[in-house]
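Listing of query-v8.csv; format and content: CSV, C-alpha atoms and all ligand atoms.
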```csv
chain,number,residue,atom,x,y,z
A,1,MET,CA,107.7,130.0,97.1
A,2,LYS,CA,105.2,131.6,99.4
A,3,LYS,CA,104.2,129.4,102.3
A,4,ILE,CA,100.6,128.7,103.1
A,5,GLN,CA,98.8,127.9,106.3
A,6,ILE,CA,96.8,124.8,106.9
A,7,THR,CA,95.1,123.1,109.8
A,8,THR,CA,95.2,119.4,109.9
A,9,THR,CA,95.4,116.4,112.4
A,10,ILE,CA,98.5,114.2,112.4
A,11,ASN,CA,98.4,111.1,114.6
A,12,ASN,CA,95.4,112.5,116.6
A,13,LYS,CA,97.1,115.8,117.3
A,14,PRO,CA,95.5,118.9,115.8
A,15,ARG,CA,98.1,121.0,114.0
A,16,LYS,CA,98.4,124.5,112.4
A,17,LEU,CA,101.1,124.4,109.9
A,18,GLU,CA,102.9,126.7,107.6
A,19,ILE,CA,104.0,124.7,104.6
A,20,ASN,CA,105.4,124.9,101.1
A,21,PRO,CA,102.5,124.3,98.8
A,22,ASN,CA,104.6,122.1,96.5
A,23,GLN,CA,105.8,119.9,99.3
A,24,THR,CA,104.6,116.3,99.3
A,25,LEU,CA,102.9,114.8,102.4
A,26,LEU,CA,105.8,112.2,102.5
A,27,ASP,CA,108.4,115.0,102.8
A,28,LEU,CA,106.3,116.9,105.4
A,29,LEU,CA,105.9,113.8,107.6
A,30,ARG,CA,109.5,112.7,107.4
A,31,ASP,CA,111.4,116.0,107.2
A,32,GLU,CA,109.3,118.3,109.3
A,33,PHE,CA,107.9,115.9,111.8
A,34,GLY,CA,110.6,113.2,111.9
A,35,LEU,CA,107.9,110.5,111.3
A,36,THR,CA,110.4,108.3,109.4
A,37,GLY,CA,108.3,105.2,109.9
A,38,THR,CA,106.7,106.3,106.6
A,39,LYS,CA,109.3,105.1,104.1
A,40,ARG,CA,110.5,106.8,101.0
A,41,GLY,CA,110.7,104.3,98.2
A,42,CYS,CA,109.9,104.9,94.5
A,43,GLU,CA,108.3,108.3,95.0
A,44,VAL,CA,106.1,107.6,92.0
A,45,GLY,CA,103.2,105.7,93.6
A,46,GLU,CA,104.4,102.2,92.7
A,47,CYS,CA,105.9,100.6,95.9
A,48,GLY,CA,103.5,101.5,98.7
A,49,ALA,CA,106.3,102.1,101.2
A,50,CYS,CA,105.0,105.6,101.9
A,51,THR,CA,101.4,104.5,102.7
A,52,VAL,CA,99.5,106.4,105.4
A,53,LEU,CA,95.8,106.8,106.1
A,54,ILE,CA,94.0,110.0,105.3
A,55,ASN,CA,90.5,110.0,106.9
A,56,GLY,CA,90.9,106.2,107.2
A,57,GLU,CA,91.8,105.6,103.5
A,58,ALA,CA,95.2,104.2,102.6
A,59,VAL,CA,97.1,106.5,100.2
A,60,ASN,CA,100.6,106.9,98.9
A,61,SER,CA,101.9,109.9,100.7
A,62,CYS,CA,104.5,110.5,97.9
A,63,LEU,CA,101.5,111.4,95.6
A,64,VAL,CA,99.7,113.7,98.0
A,65,LEU,CA,100.7,117.4,98.1
A,66,ALA,CA,100.8,118.7,101.7
A,67,PRO,CA,98.0,121.3,101.1
A,68,GLN,CA,95.6,118.4,100.4
A,69,ILE,CA,95.6,117.4,104.0
A,70,GLU,CA,93.8,120.6,105.0
A,71,GLY,CA,91.0,119.7,107.4
A,72,LYS,CA,91.8,116.0,107.3
A,73,GLU,CA,93.1,113.4,109.6
A,74,VAL,CA,96.4,111.7,108.8
A,75,LEU,CA,97.5,108.6,110.6
A,76,THR,CA,101.0,107.1,110.2
A,77,ILE,CA,102.5,104.0,111.6
A,78,GLU,CA,103.7,106.0,114.7
A,79,GLY,CA,100.1,106.8,115.5
A,80,LEU,CA,98.9,103.2,115.7
A,81,ALA,CA,100.1,102.1,119.2
A,82,GLU,CA,97.8,103.2,122.0
A,83,LYS,CA,99.0,103.8,125.6
A,84,GLY,CA,102.3,102.1,124.8
A,85,GLU,CA,100.5,99.0,123.5
A,86,LEU,CA,101.2,97.9,119.9
A,87,HIS,CA,98.2,97.7,117.5
A,88,PRO,CA,97.0,94.1,117.0
A,89,LEU,CA,98.3,94.2,113.4
A,90,GLN,CA,101.8,95.1,114.6
A,91,LYS,CA,101.7,92.3,117.2
A,92,SER,CA,100.5,89.8,114.6
A,93,PHE,CA,103.2,90.8,112.1
A,94,MET,CA,105.8,90.1,114.8
A,95,LYS,CA,104.2,86.8,115.8
A,96,HIS,CA,104.1,85.6,112.2
A,97,ASP,CA,107.6,86.7,111.3
A,98,ALA,CA,106.2,89.0,108.6
A,99,VAL,CA,108.9,91.6,109.2
A,100,HIS,CA,112.1,90.8,107.4
A,101,CYS,CA,114.1,93.9,106.3
A,102,GLY,CA,111.1,95.9,107.5
A,103,TYR,CA,111.1,98.5,104.7
A,104,CYS,CA,107.6,97.6,103.4
A,105,THR,CA,106.2,97.0,106.9
A,106,PRO,CA,104.8,100.4,107.9
A,107,GLY,CA,103.0,100.8,104.5
A,108,MET,CA,101.8,97.2,104.5
A,109,ILE,CA,100.3,97.6,108.0
A,110,MET,CA,98.6,100.9,107.1
A,111,SER,CA,97.0,99.3,104.1
A,112,ALA,CA,96.0,96.3,106.2
A,113,LYS,CA,94.5,98.7,108.8
A,114,GLN,CA,92.1,100.2,106.3
A,115,LEU,CA,91.0,96.7,105.4
A,116,VAL,CA,90.4,95.4,108.9
A,117,ASP,CA,88.7,98.6,110.0
A,118,GLU,CA,86.2,98.2,107.1
A,119,ASN,CA,86.1,94.4,107.0
A,120,PRO,CA,87.1,92.7,110.2
A,121,ASN,CA,87.0,89.2,108.7
A,122,PRO,CA,88.6,89.5,105.2
A,123,THR,CA,89.2,86.5,102.9
A,124,GLU,CA,92.7,85.8,101.7
A,125,GLU,CA,91.7,87.2,98.3
A,126,GLU,CA,90.5,90.4,100.0
A,127,ILE,CA,93.7,90.7,102.0
A,128,ARG,CA,95.8,90.2,98.9
A,129,THR,CA,93.8,92.8,97.0
A,130,ALA,CA,94.2,95.3,99.9
A,131,ILE,CA,98.0,94.9,99.9
A,132,SER,CA,98.4,94.7,96.2
A,133,GLY,CA,99.9,98.2,96.1
A,134,ASN,CA,102.5,97.3,98.7
A,135,LEU,CA,105.6,95.6,97.4
A,136,CYS,CA,107.7,93.3,99.6
A,137,ARG,CA,111.0,92.0,98.3
A,138,CYS,CA,111.7,89.7,101.3
A,139,THR,CA,108.8,87.6,102.6
A,140,GLY,CA,107.0,86.2,99.6
A,141,TYR,CA,103.8,87.7,101.2
A,142,VAL,CA,102.7,84.4,102.9
A,143,GLN,CA,103.6,85.5,106.5
A,144,ILE,CA,102.1,88.9,105.8
A,145,VAL,CA,98.8,87.5,104.7
A,146,ASP,CA,98.8,85.1,107.6
A,147,ALA,CA,99.4,88.0,110.0
A,148,ILE,CA,96.6,90.0,108.7
A,149,LYS,CA,94.2,87.0,108.6
A,150,GLU,CA,94.7,86.4,112.3
A,151,VAL,CA,93.8,89.9,113.5
A,201,LIG,S1,107.4,106.0,97.8
A,201,LIG,FE1,105.3,106.3,97.5
A,201,LIG,S2,104.6,104.6,96.4
A,201,LIG,FE2,106.7,104.3,96.5
A,202,LIG,S1,110.2,92.8,104.7
A,202,LIG,FE1,111.7,93.5,103.3
A,202,LIG,S2,110.5,94.5,101.7
A,202,LIG,FE2,109.1,93.5,102.9
```
Before anything else, please render the file you have as structure tokens.
Amino acid sequence: MKKIQITTTINNKPRKLEINPNQTLLDLLRDEFGLTGTKRGCEVGECGACTVLINGEAVNSCLVLAPQIEGKEVLTIEGLAEKGELHPLQKSFMKHDAVHCGYCTPGMIMSAKQLVDENPNPTEEEIRTAISGNLCRCTGYVQIVDAIKEV
């Protein structure tokens, strides 16, 4: 298939890319950029493990085709830390023991980031709604909700 050119921003770095038009954003991030913090789970939009932010909005990267990020800003879990300092959400997840196997964690944190960016003092209900698309098999969600609440 003929490759196409796009310009985009990934983790605050402007990029000019030549991509396969039928490639998913998940594949692009993991396979081309080695950004494996974004997890491959169901690949059908049900688990949330692949959640990233596009222009600040949490999306399942397995459901986004790479050409759709033309002109947009993509943020993955690797782009959250600033100057070597973990994001407050990352610190809070560690403090509350909200990371068990860790597979859901990057996606969970990206969904939480959209929430706290838009609503710095969310209620428990709002937190649970924001992470309702992110499945966790380990924690029972209580520590995750507590971690987000404290940020
Ligand atoms: S891998 Fe994308 S939602 Fe499960
Ligand atoms: S910590 Fe294992 S799936 Fe959430």
Against stretch 111-135 of chain A, which residues of stretch 71-106 of chain A fall within 12 Å? For each one I want the closest pair of atoms and the distance in Å (one decimal), counting only C-alpha atoms, rows by chain and increasing residue number, as a Markdown table.
```
| residue | atom | partner | partner_atom | distance |
| --- | --- | --- | --- | --- |
| A:Leu75 | CA | A:Lys113 | CA | 10.5 |
| A:Thr76 | CA | A:Ser111 | CA | 10.7 |
| A:Ile77 | CA | A:Lys113 | CA | 10.0 |
| A:Gly79 | CA | A:Lys113 | CA | 11.9 |
| A:Leu80 | CA | A:Lys113 | CA | 9.3 |
| A:His87 | CA | A:Lys113 | CA | 9.5 |
| A:Pro88 | CA | A:Lys113 | CA | 9.7 |
| A:Leu89 | CA | A:Lys113 | CA | 7.5 |
| A:Gln90 | CA | A:Lys113 | CA | 10.0 |
| A:Ser92 | CA | A:Ala112 | CA | 11.5 |
| A:Phe93 | CA | A:Ala112 | CA | 10.8 |
| A:Gly102 | CA | A:Leu135 | CA | 11.5 |
| A:Tyr103 | CA | A:Leu135 | CA | 9.6 |
| A:Cys104 | CA | A:Leu135 | CA | 6.6 |
| A:Thr105 | CA | A:Asn134 | CA | 9.0 |
| A:Pro106 | CA | A:Ser111 | CA | 8.7 |
```
Kindly compute an axis-aligned box around the listed atoms of ligand LIG 201 (chain A), allowing 5 Å on each side, and express its centre and edge lengths in Å to one decimal as lines of an AutoDock Vina configuration file.
```
center_x = 106.0
center_y = 105.3
center_z = 97.1
size_x = 12.8
size_y = 12.0
size_z = 11.4
```
Taking only residues of chain A that have an atom at most 6 Å from an atom of ligand LIG 202 (chain A), what is each one's shortest atom pair and its distance in Å to one decimal, using only C-alpha atoms and all ligand atoms, in chain and number order, as CSV?
```
residue,atom,partner,partner_atom,distance
A:Val99,CA,A:LIG202,S1,4.8
A:His100,CA,A:LIG202,S1,3.9
A:Cys101,CA,A:LIG202,FE1,3.9
A:Gly102,CA,A:LIG202,S1,4.3
A:Tyr103,CA,A:LIG202,S2,5.0
A:Cys104,CA,A:LIG202,FE2,4.4
A:Cys136,CA,A:LIG202,FE2,3.6
A:Arg137,CA,A:LIG202,S2,4.2
A:Cys138,CA,A:LIG202,FE1,4.3
A:Thr139,CA,A:LIG202,S1,5.8
```
Quiz prompt | Top pick for closest residue to ligand LIG 201 (chain A), considering A:Ala81, A:Leu65, A:Ala49, A:Val151 and counting all atoms listed in the file | solution =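 Among the listed residues, the smallest separation from ligand LIG 201 (chain A) belongs to A:Ala49.
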Kindly provide the residues of chain A that approach ligand LIG 201 (chain A) to within 10 Å, each paired with its closest atom pair and their distance in Å to one decimal, based on all atoms listed in the file, listed by chain and increasing number, as CSV.
```
residue,atom,partner,partner_atom,distance
A:Leu26,CA,A:LIG201,FE1,7.7
A:Thr38,CA,A:LIG201,S1,8.8
A:Lys39,CA,A:LIG201,S1,6.6
A:Arg40,CA,A:LIG201,S1,4.5
A:Gly41,CA,A:LIG201,S1,3.7
A:Cys42,CA,A:LIG201,FE2,3.8
A:Glu43,CA,A:LIG201,S1,3.7
A:Val44,CA,A:LIG201,S2,5.5
A:Gly45,CA,A:LIG201,S2,3.3
A:Glu46,CA,A:LIG201,S2,4.4
A:Cys47,CA,A:LIG201,FE2,3.8
A:Gly48,CA,A:LIG201,S2,4.0
A:Ala49,CA,A:LIG201,FE2,5.2
A:Cys50,CA,A:LIG201,FE1,4.5
A:Thr51,CA,A:LIG201,FE1,6.7
A:Val52,CA,A:LIG201,FE1,9.8
A:Val59,CA,A:LIG201,S2,8.6
A:Asn60,CA,A:LIG201,FE1,4.9
A:Ser61,CA,A:LIG201,FE1,5.9
A:Cys62,CA,A:LIG201,FE1,4.3
A:Leu63,CA,A:LIG201,FE1,6.6
A:Val64,CA,A:LIG201,FE1,9.3
A:Cys104,CA,A:LIG201,FE2,9.7
A:Gly107,CA,A:LIG201,S2,9.1
A:Gly133,CA,A:LIG201,S2,7.9
A:Asn134,CA,A:LIG201,S2,7.9
A:Leu135,CA,A:LIG201,FE2,8.8
```
Kindly export the residues of the current selection with C-alpha atoms, as a compact mmCIF listing (two decimals), in the coordinates of the input.
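Output saved as result06.txt:
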```txt
# COMPACT_ATOMS: atom_id res chain seq x y z
CA LEU A 26 105.80 112.20 102.50
CA THR A 38 106.70 106.30 106.60
CA LYS A 39 109.30 105.10 104.10
CA ARG A 40 110.50 106.80 101.00
CA GLY A 41 110.70 104.30 98.20
CA CYS A 42 109.90 104.90 94.50
CA GLU A 43 108.30 108.30 95.00
CA VAL A 44 106.10 107.60 92.00
CA GLY A 45 103.20 105.70 93.60
CA GLU A 46 104.40 102.20 92.70
CA CYS A 47 105.90 100.60 95.90
CA GLY A 48 103.50 101.50 98.70
CA ALA A 49 106.30 102.10 101.20
CA CYS A 50 105.00 105.60 101.90
CA THR A 51 101.40 104.50 102.70
CA VAL A 52 99.50 106.40 105.40
CA VAL A 59 97.10 106.50 100.20
CA ASN A 60 100.60 106.90 98.90
CA SER A 61 101.90 109.90 100.70
CA CYS A 62 104.50 110.50 97.90
CA LEU A 63 101.50 111.40 95.60
CA VAL A 64 99.70 113.70 98.00
CA CYS A 104 107.60 97.60 103.40
CA GLY A 107 103.00 100.80 104.50
CA GLY A 133 99.90 98.20 96.10
CA ASN A 134 102.50 97.30 98.70
CA LEU A 135 105.60 95.60 97.40
```
Quiz item: Pick the closest to A:Lys149 from A:His96, A:Glu82, A:Asn55, A:Gly37: which is it, counting only C-alpha atoms?
Solution: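 With only C-alpha atoms as the atom set, the closest residue is A:His96.
Closest approach to A:Leu35 among A:Ile10, A:Gly140, A:Ile109, A:Ile148 is made by A:Ile10 (distances from all atoms listed in the file).
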Quiz item: How many Å lie between atom CA of A:Asp97 and atom CA of A:Gly84, rounded to one decimal?
Solution: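 We find that atom CA of A:Asp97 and atom CA of A:Gly84 lie 21.2 Å from each other.
Separating atom CA of A:Asn11 from atom CA of A:Pro67 is a distance of 16.9 Å.
Coordinates place atom CA of A:Ile54 at a distance of 10.4 Å from atom CA of A:Met110.
Using only C-alpha atoms for every distance, the candidate list A:Tyr141, A:Val74, A:Ile69, A:Asn12 yields A:Val74 as the residue closest to A:Glu57.
For the choices A:Glu150, A:Glu85, A:Glu70, A:Asp31, the atom-to-atom distance to A:Gln5 is smallest for A:Glu70 when using all atoms listed in the file.
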Quiz item: Excluding same-chain residues fewer than 4 positions from A:Asn20, what lies within 7 Å of it counting only C-alpha atoms, as a list in words?
Solution: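 The residues satisfying every condition are Met1, Lys2, Lys3 and Ile4 of chain A.
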Exercise. May I have the residues within 10 Å of A:Pro14 as a list in words, using all atoms listed in the file and disregarding those fewer than 3 positions away in the same chain?
Key: Thr7, Thr8, Thr9, Ile10, Asn11, Leu17, Gly71, Lys72 and Glu73 of chain A
Self-check item: Selected residue of minimal separation from A:Met108 among A:Gly34, A:Lys95, A:Asn22, A:Ile144, counting all atoms listed in the file
Solution: A:Ile144
When you write stretch 1-24 of chain A out from the block above, keep N, CA, C and O atoms and present the result as an mmCIF file, in the first residue's frame, please.
```cif
data_model
loop_
_atom_site.group_PDB
_atom_site.id
_atom_site.type_symbol
_atom_site.label_atom_id
_atom_site.label_comp_id
_atom_site.auth_asym_id
_atom_site.auth_seq_id
_atom_site.Cartn_x
_atom_site.Cartn_y
_atom_site.Cartn_z
ATOM 1 N N MET A 1 0.851 -1.201 0.000
ATOM 2 C CA MET A 1 0.000 0.000 0.000
ATOM 3 C C MET A 1 0.886 1.251 0.000
ATOM 4 O O MET A 1 1.920 1.274 0.647
ATOM 5 N N LYS A 2 0.437 2.264 -0.738
ATOM 6 C CA LYS A 2 1.239 3.483 -0.848
ATOM 7 C C LYS A 2 1.254 4.243 0.487
ATOM 8 O O LYS A 2 0.207 4.451 1.102
ATOM 9 N N LYS A 3 2.448 4.633 0.892
ATOM 10 C CA LYS A 3 2.559 5.382 2.155
ATOM 11 C C LYS A 3 2.102 6.823 1.956
ATOM 12 O O LYS A 3 2.157 7.348 0.847
ATOM 13 N N ILE A 4 1.673 7.439 3.046
ATOM 14 C CA ILE A 4 1.285 8.849 2.974
ATOM 15 C C ILE A 4 2.081 9.640 4.012
ATOM 16 O O ILE A 4 2.574 9.082 4.984
ATOM 17 N N GLN A 5 2.161 10.938 3.774
ATOM 18 C CA GLN A 5 2.905 11.784 4.703
ATOM 19 C C GLN A 5 1.935 12.538 5.610
ATOM 20 O O GLN A 5 0.905 13.030 5.133
ATOM 21 N N ILE A 6 2.291 12.601 6.870
ATOM 22 C CA ILE A 6 1.490 13.420 7.795
ATOM 23 C C ILE A 6 2.435 14.220 8.690
ATOM 24 O O ILE A 6 3.590 13.856 8.882
ATOM 25 N N THR A 7 1.881 15.317 9.209
ATOM 26 C CA THR A 7 2.616 16.042 10.251
ATOM 27 C C THR A 7 1.767 15.965 11.520
ATOM 28 O O THR A 7 0.539 16.070 11.471
ATOM 29 N N THR A 8 2.442 15.758 12.611
ATOM 30 C CA THR A 8 1.732 15.564 13.868
ATOM 31 C C THR A 8 2.667 15.916 15.018
ATOM 32 O O THR A 8 3.829 16.253 14.798
ATOM 33 N N THR A 9 2.161 15.851 16.224
ATOM 34 C CA THR A 9 3.008 16.058 17.400
ATOM 35 C C THR A 9 2.818 14.868 18.328
ATOM 36 O O THR A 9 1.681 14.507 18.656
ATOM 37 N N ILE A 10 3.916 14.247 18.695
ATOM 38 C CA ILE A 10 3.844 13.109 19.615
ATOM 39 C C ILE A 10 4.699 13.436 20.836
ATOM 40 O O ILE A 10 5.902 13.709 20.710
ATOM 41 N N ASN A 11 4.049 13.430 21.983
ATOM 42 C CA ASN A 11 4.734 13.772 23.243
ATOM 43 C C ASN A 11 5.549 15.070 23.121
ATOM 44 O O ASN A 11 6.739 15.116 23.438
ATOM 45 N N ASN A 12 4.840 16.076 22.611
ATOM 46 C CA ASN A 12 5.358 17.452 22.511
ATOM 47 C C ASN A 12 6.456 17.652 21.456
ATOM 48 O O ASN A 12 7.039 18.727 21.389
ATOM 49 N N LYS A 13 6.733 16.624 20.666
ATOM 50 C CA LYS A 13 7.736 16.774 19.595
ATOM 51 C C LYS A 13 7.032 16.780 18.248
ATOM 52 O O LYS A 13 6.363 15.790 17.890
ATOM 53 N N PRO A 14 7.185 17.867 17.458
ATOM 54 C CA PRO A 14 6.600 17.877 16.122
ATOM 55 C C PRO A 14 7.267 16.808 15.245
ATOM 56 O O PRO A 14 8.479 16.626 15.327
ATOM 57 N N ARG A 15 6.465 16.116 14.443
ATOM 58 C CA ARG A 15 6.986 15.029 13.615
ATOM 59 C C ARG A 15 6.415 15.119 12.212
ATOM 60 O O ARG A 15 5.234 15.447 12.041
ATOM 61 N N LYS A 16 7.279 14.766 11.245
ATOM 62 C CA LYS A 16 6.805 14.539 9.875
ATOM 63 C C LYS A 16 6.977 13.056 9.637
ATOM 64 O O LYS A 16 8.084 12.532 9.755
ATOM 65 N N LEU A 17 5.897 12.370 9.310
ATOM 66 C CA LEU A 17 5.966 10.915 9.218
ATOM 67 C C LEU A 17 5.498 10.428 7.866
ATOM 68 O O LEU A 17 4.632 11.038 7.230
ATOM 69 N N GLU A 18 6.057 9.300 7.477
ATOM 70 C CA GLU A 18 5.559 8.594 6.305
ATOM 71 C C GLU A 18 4.949 7.295 6.832
ATOM 72 O O GLU A 18 5.662 6.486 7.444
ATOM 73 N N ILE A 19 3.672 7.130 6.625
ATOM 74 C CA ILE A 19 2.997 6.015 7.296
ATOM 75 C C ILE A 19 2.129 5.217 6.325
ATOM 76 O O ILE A 19 1.735 5.707 5.265
ATOM 77 N N ASN A 20 1.832 3.990 6.734
ATOM 78 C CA ASN A 20 0.842 3.203 6.012
ATOM 79 C C ASN A 20 -0.539 3.716 6.399
ATOM 80 O O ASN A 20 -0.842 3.812 7.599
ATOM 81 N N PRO A 21 -1.384 4.042 5.449
ATOM 82 C CA PRO A 21 -2.678 4.628 5.801
ATOM 83 C C PRO A 21 -3.603 3.687 6.566
ATOM 84 O O PRO A 21 -4.536 4.131 7.221
ATOM 85 N N ASN A 22 -3.317 2.384 6.498
ATOM 86 C CA ASN A 22 -4.195 1.451 7.217
ATOM 87 C C ASN A 22 -3.631 1.026 8.571
ATOM 88 O O ASN A 22 -4.130 0.117 9.217
ATOM 89 N N GLN A 23 -2.577 1.722 9.001
ATOM 90 C CA GLN A 23 -1.949 1.400 10.289
ATOM 91 C C GLN A 23 -2.732 2.066 11.424
ATOM 92 O O GLN A 23 -3.173 3.208 11.275
ATOM 93 N N THR A 24 -2.872 1.369 12.551
ATOM 94 C CA THR A 24 -3.541 2.025 13.680
ATOM 95 C C THR A 24 -2.538 2.904 14.423
ATOM 96 O O THR A 24 -1.321 2.694 14.348
#
```
